[in-house]
>>> print(open('protein38.pdb').read())   # PDB, C-alpha atoms, pLDDT in the B column
MODEL        1
ATOM      1  CA  ASN E   1     -18.975  35.979-134.500  1.00 51.00           C
ATOM      2  CA  VAL E   2     -18.668  34.526-130.968  1.00 50.00           C
ATOM      3  CA  GLU E   3     -15.007  33.743-131.603  1.00 51.00           C
ATOM      4  CA  HIS E   4     -14.400  37.365-132.596  1.00 52.00           C
ATOM      5  CA  CYS E   5     -16.035  38.547-129.322  1.00 52.00           C
ATOM      6  CA  ILE E   6     -13.886  36.216-127.218  1.00 51.00           C
ATOM      7  CA  ASN E   7     -10.680  37.303-128.961  1.00 52.00           C
ATOM      8  CA  SER E   8     -11.517  40.980-128.574  1.00 56.00           C
ATOM      9  CA  ILE E   9     -11.754  40.781-124.763  1.00 53.00           C
ATOM     10  CA  PRO E  10      -8.564  42.289-123.372  1.00 54.00           C
ATOM     11  CA  LYS E  11      -6.466  39.872-121.329  1.00 51.00           C
ATOM     12  CA  PRO E  12      -5.262  41.091-117.934  1.00 50.00           C
ATOM     13  CA  ILE E  13      -1.639  42.150-117.828  1.00 44.00           C
ATOM     14  CA  ILE E  14       0.210  40.665-114.900  1.00 45.00           C
ATOM     15  CA  LEU E  15       3.389  42.526-114.091  1.00 45.00           C
ATOM     16  CA  SER E  16       5.536  40.592-111.707  1.00 50.00           C
ATOM     17  CA  THR E  17       8.270  42.818-110.361  1.00 54.00           C
ATOM     18  CA  TRP E  18       9.856  40.075-108.268  1.00 57.00           C
ATOM     19  CA  LYS E  19      12.057  37.604-110.056  1.00 68.00           C
ATOM     20  CA  LYS E  20      13.471  34.630-108.193  1.00 70.00           C
ATOM     21  CA  SER E  21      17.214  34.262-107.969  1.00 79.00           C
ATOM     22  CA  LYS E  22      19.208  31.080-107.567  1.00 88.00           C
ATOM     23  CA  TYR E  23      19.686  31.899-103.879  1.00 93.00           C
ATOM     24  CA  ILE E  24      17.268  31.277-101.022  1.00 93.00           C
ATOM     25  CA  GLY E  25      15.546  34.445 -99.834  1.00 92.00           C
ATOM     26  CA  VAL E  26      16.827  36.684-102.647  1.00 93.00           C
ATOM     27  CA  HIS E  27      14.623  38.384-105.245  1.00 90.00           C
ATOM     28  CA  HIS E  28      15.542  40.610-108.138  1.00 88.00           C
ATOM     29  CA  LEU E  29      13.728  43.938-108.426  1.00 86.00           C
ATOM     30  CA  PRO E  30      14.647  45.442-111.811  1.00 84.00           C
ATOM     31  CA  ASN E  31      15.245  49.141-112.485  1.00 82.00           C
ATOM     32  CA  ARG E  32      16.629  49.910-109.032  1.00 84.00           C
ATOM     33  CA  GLN E  33      20.030  51.065-107.869  1.00 86.00           C
ATOM     34  CA  LYS E  34      20.157  48.132-105.437  1.00 88.00           C
ATOM     35  CA  PRO E  35      18.071  45.527-107.278  1.00 90.00           C
ATOM     36  CA  HIS E  36      18.658  42.468-105.080  1.00 91.00           C
ATOM     37  CA  GLN E  37      16.316  42.337-102.112  1.00 91.00           C
ATOM     38  CA  THR E  38      16.581  39.702 -99.438  1.00 91.00           C
ATOM     39  CA  CYS E  39      14.077  38.634 -96.814  1.00 89.00           C
ATOM     40  CA  ILE E  40      13.582  35.740 -94.456  1.00 90.00           C
ATOM     41  CA  HIS E  41      10.397  34.143 -93.164  1.00 88.00           C
ATOM     42  CA  HIS E  42      10.062  33.170 -89.528  1.00 87.00           C
ATOM     43  CA  GLU E  43       6.912  32.136 -87.672  1.00 84.00           C
ATOM     44  CA  ALA E  44       4.586  33.322 -90.462  1.00 85.00           C
ATOM     45  CA  LYS E  45       6.229  36.750 -90.708  1.00 86.00           C
ATOM     46  CA  ARG E  46       8.466  38.177 -93.417  1.00 88.00           C
ATOM     47  CA  TYR E  47      11.520  40.166 -92.348  1.00 88.00           C
ATOM     48  CA  LEU E  48      13.262  42.418 -94.860  1.00 88.00           C
ATOM     49  CA  LEU E  49      17.046  42.157 -94.657  1.00 89.00           C
ATOM     50  CA  GLY E  50      17.880  44.944 -97.076  1.00 89.00           C
ATOM     51  CA  CYS E  51      18.596  45.664-100.727  1.00 90.00           C
ATOM     52  CA  TYR E  52      22.018  45.074-102.266  1.00 92.00           C
ATOM     53  CA  ARG E  53      23.819  45.777-105.523  1.00 92.00           C
ATOM     54  CA  LEU E  54      25.221  42.228-105.746  1.00 93.00           C
ATOM     55  CA  THR E  55      23.242  39.013-105.557  1.00 93.00           C
ATOM     56  CA  ALA E  56      26.010  37.361-103.542  1.00 94.00           C
ATOM     57  CA  ASP E  57      25.816  40.083-100.879  1.00 94.00           C
ATOM     58  CA  ALA E  58      22.044  39.656-100.633  1.00 94.00           C
ATOM     59  CA  ALA E  59      22.474  35.891-100.287  1.00 94.00           C
ATOM     60  CA  ARG E  60      25.123  36.405 -97.594  1.00 94.00           C
ATOM     61  CA  ALA E  61      22.750  38.698 -95.689  1.00 93.00           C
ATOM     62  CA  TYR E  62      20.140  35.930 -95.784  1.00 94.00           C
ATOM     63  CA  ASP E  63      22.758  33.444 -94.541  1.00 94.00           C
ATOM     64  CA  GLU E  64      23.621  35.643 -91.561  1.00 91.00           C
ATOM     65  CA  ALA E  65      19.982  35.646 -90.416  1.00 91.00           C
ATOM     66  CA  ALA E  66      19.409  32.002 -91.385  1.00 92.00           C
ATOM     67  CA  LYS E  67      22.284  30.822 -89.189  1.00 90.00           C
ATOM     68  CA  LYS E  68      20.782  32.594 -86.182  1.00 88.00           C
ATOM     69  CA  LEU E  69      17.369  31.039 -86.899  1.00 88.00           C
ATOM     70  CA  ARG E  70      18.872  27.611 -87.723  1.00 89.00           C
ATOM     71  CA  LYS E  71      17.692  27.570 -91.338  1.00 92.00           C
ATOM     72  CA  LYS E  72      19.318  26.361 -94.548  1.00 94.00           C
ATOM     73  CA  VAL E  73      22.036  28.698 -95.913  1.00 95.00           C
ATOM     74  CA  ASN E  74      23.205  29.616 -99.423  1.00 94.00           C
ATOM     75  CA  PHE E  75      26.980  29.480 -98.822  1.00 94.00           C
ATOM     76  CA  SER E  76      28.463  26.748 -96.647  1.00 92.00           C
ATOM     77  CA  THR E  77      31.778  28.622 -96.221  1.00 93.00           C
ATOM     78  CA  ASP E  78      33.045  32.189 -96.454  1.00 92.00           C
ATOM     79  CA  ALA E  79      35.349  31.065 -99.286  1.00 94.00           C
ATOM     80  CA  ASP E  80      32.294  30.050-101.359  1.00 95.00           C
ATOM     81  CA  TYR E  81      30.754  33.467-100.766  1.00 94.00           C
ATOM     82  CA  LEU E  82      33.939  35.372-101.606  1.00 94.00           C
ATOM     83  CA  SER E  83      34.574  33.432-104.832  1.00 95.00           C
ATOM     84  CA  GLU E  84      30.957  33.922-105.992  1.00 95.00           C
ATOM     85  CA  ARG E  85      31.150  37.616-105.109  1.00 95.00           C
ATOM     86  CA  GLU E  86      34.372  38.069-107.110  1.00 95.00           C
ATOM     87  CA  ARG E  87      32.884  36.212-110.083  1.00 95.00           C
ATOM     88  CA  GLU E  88      29.740  38.374-109.985  1.00 94.00           C
ATOM     89  CA  MET E  89      31.732  41.620-109.739  1.00 94.00           C
ATOM     90  CA  GLU E  90      33.839  40.628-112.765  1.00 95.00           C
ATOM     91  CA  GLU E  91      30.741  39.553-114.714  1.00 94.00           C
ATOM     92  CA  THR E  92      28.649  42.658-113.988  1.00 91.00           C
ATOM     93  CA  GLY E  93      31.380  45.285-113.654  1.00 93.00           C
ATOM     94  CA  ILE E  94      29.857  46.422-110.341  1.00 90.00           C
ATOM     95  CA  HIS E  95      32.331  46.889-107.495  1.00 91.00           C
ATOM     96  CA  VAL E  96      31.036  47.184-103.936  1.00 89.00           C
ATOM     97  CA  ASP E  97      33.141  47.485-100.795  1.00 91.00           C
ATOM     98  CA  ILE E  98      32.649  44.299 -98.775  1.00 90.00           C
ATOM     99  CA  GLU E  99      32.682  46.212 -95.477  1.00 92.00           C
ATOM    100  CA  GLU E 100      29.819  48.423 -96.687  1.00 88.00           C
ATOM    101  CA  ALA E 101      27.699  45.358 -97.504  1.00 88.00           C
ATOM    102  CA  ARG E 102      28.681  43.618 -94.243  1.00 89.00           C
ATOM    103  CA  LYS E 103      27.661  46.672 -92.194  1.00 91.00           C
ATOM    104  CA  VAL E 104      24.183  46.657 -93.771  1.00 88.00           C
ATOM    105  CA  TRP E 105      23.500  42.946 -93.318  1.00 86.00           C
ATOM    106  CA  ILE E 106      24.705  42.924 -89.700  1.00 89.00           C
ATOM    107  CA  GLU E 107      22.500  45.932 -88.876  1.00 90.00           C
ATOM    108  CA  LYS E 108      19.440  44.409 -90.583  1.00 88.00           C
ATOM    109  CA  THR E 109      19.991  41.019 -88.928  1.00 86.00           C
ATOM    110  CA  GLU E 110      20.235  42.605 -85.474  1.00 88.00           C
ATOM    111  CA  LEU E 111      17.008  44.549 -86.084  1.00 87.00           C
ATOM    112  CA  MET E 112      15.248  41.384 -87.222  1.00 85.00           C
ATOM    113  CA  LEU E 113      16.432  39.414 -84.193  1.00 83.00           C
ATOM    114  CA  ALA E 114      15.438  42.227 -81.831  1.00 84.00           C
ATOM    115  CA  SER E 115      11.912  42.221 -83.245  1.00 82.00           C
ATOM    116  CA  ILE E 116      11.691  38.441 -82.761  1.00 76.00           C
ATOM    117  CA  VAL E 117      13.232  38.250 -79.278  1.00 65.00           C
ATOM    118  CA  ARG E 118      11.289  41.169 -77.725  1.00 60.00           C
ATOM    119  CA  PRO E 119       7.819  39.567 -78.160  1.00 55.00           C
ATOM    120  CA  VAL E 120       9.140  36.234 -76.837  1.00 48.00           C
ATOM    121  CA  LYS E 121      10.469  37.933 -73.678  1.00 52.00           C
ATOM    122  CA  GLN E 122       7.157  39.721 -73.209  1.00 55.00           C
ATOM    123  CA  MET E 123       5.249  36.436 -73.521  1.00 51.00           C
ATOM    124  CA  VAL E 124       7.501  34.768 -70.930  1.00 51.00           C
ATOM    125  CA  GLN E 125       7.129  37.717 -68.545  1.00 55.00           C
ATOM    126  CA  ARG E 126       3.323  37.637 -68.866  1.00 57.00           C
ATOM    127  CA  LYS E 127       3.208  33.878 -68.375  1.00 56.00           C
ATOM    128  CA  TYR E 128       5.426  33.835 -65.288  1.00 54.00           C
ATOM    129  CA  LYS E 129       4.655  37.377 -64.055  1.00 54.00           C
ATOM    130  CA  PHE E 130       8.144  38.597 -63.286  1.00 50.00           C
TER     131      PHE E 130
ENDMDL
END
>>> encode(input="protein38.pdb", output="structure tokens")
Amino acid sequence: NVEHCINSIPKPIILSTWKKSKYIGVHHLPNRQKPHQTCIHHEAKRYLLGCYRLTADAARAYDEAAKKLRKKVNFSTDADYLSEREREMEETGIHVDIEEARKVWIEKTELMLASIVRPVKQMVQRKYKF
């Protein structure tokens, strides 16, 4: 009788929409046009670096920001990135213009850096009263 009561209690359903990828800072969000989201953490804050159609492009966006923040990167060379990107495009059948992806990650990286640098400048100005 007690066993029947325990088994009849509904178990909570946990729906995790984020799935880890093999790249640092890249998560897969299913059922989206651009399912690969990338973000980077810096000083206890999370900065979104955009959503991409290819995992390799999302990883490259992370690398662009990681280099500026002196963090570990996914691709050690551009050749590694380009070969992985080509392999992924052949595998998935998705073709994305590299310049389109590059434009997005450069824009997002600049926004992220601007939001980090501005508070630092303000702190220095307050401390030294320029």
>>> closest_residue(input="protein38.pdb", among="E:Ala101, E:Lys71, E:Glu91, E:Asp78", to="E:Lys34", atoms="only C-alpha atoms")
E:Ala101
>>> atom_distance(input="protein38.pdb", atom1="atom CA of E:Thr109", atom2="atom CA of E:Lys67")
10.5 Å
>>> closest_residue(input="protein38.pdb", among="E:His42, E:Glu100, E:Thr55, E:Gln33", to="E:Ser21", atoms="all atoms listed in the file")
E:Thr55
>>> residues_around(input="protein38.pdb", residues="E:Glu84", least_positions_apart="5", cutoff="9 Å", atoms="all atoms listed in the file", output="PDB file with C-alpha atoms, in the coordinates of the input")
ATOM      1  CA  ALA E  56      26.010  37.361-103.542  1.00 94.00           C
ATOM      2  CA  ALA E  79      35.349  31.065 -99.286  1.00 94.00           C
ATOM      3  CA  MET E  89      31.732  41.620-109.739  1.00 94.00           C
TER       4      MET E  89
END
>>> axis_aligned_box(input="protein38.pdb", around="stretch 17-36 of chain E", padding_each_side="4 Å", output="AutoDock Vina command-line options")
--center_x 14.2 --center_y 41.1 --center_z -106.2 --size_x 19.9 --size_y 28.0 --size_z 20.7
>>> residues_around(input="protein38.pdb", residues="E:Leu69", least_positions_apart="6", cutoff="10 Å", atoms="all atoms listed in the file", output="number ranges by chain")
E: 40-42, 63, 113
>>> closest_residue(input="protein38.pdb", among="E:Thr77, E:Gln37, E:Ser115, E:Ser83", to="E:Leu54", atoms="all atoms listed in the file")
E:Gln37
>>> atom_distance(input="protein38.pdb", atom1="atom CA of E:His95", atom2="atom CA of E:Cys39")
22.7 Å
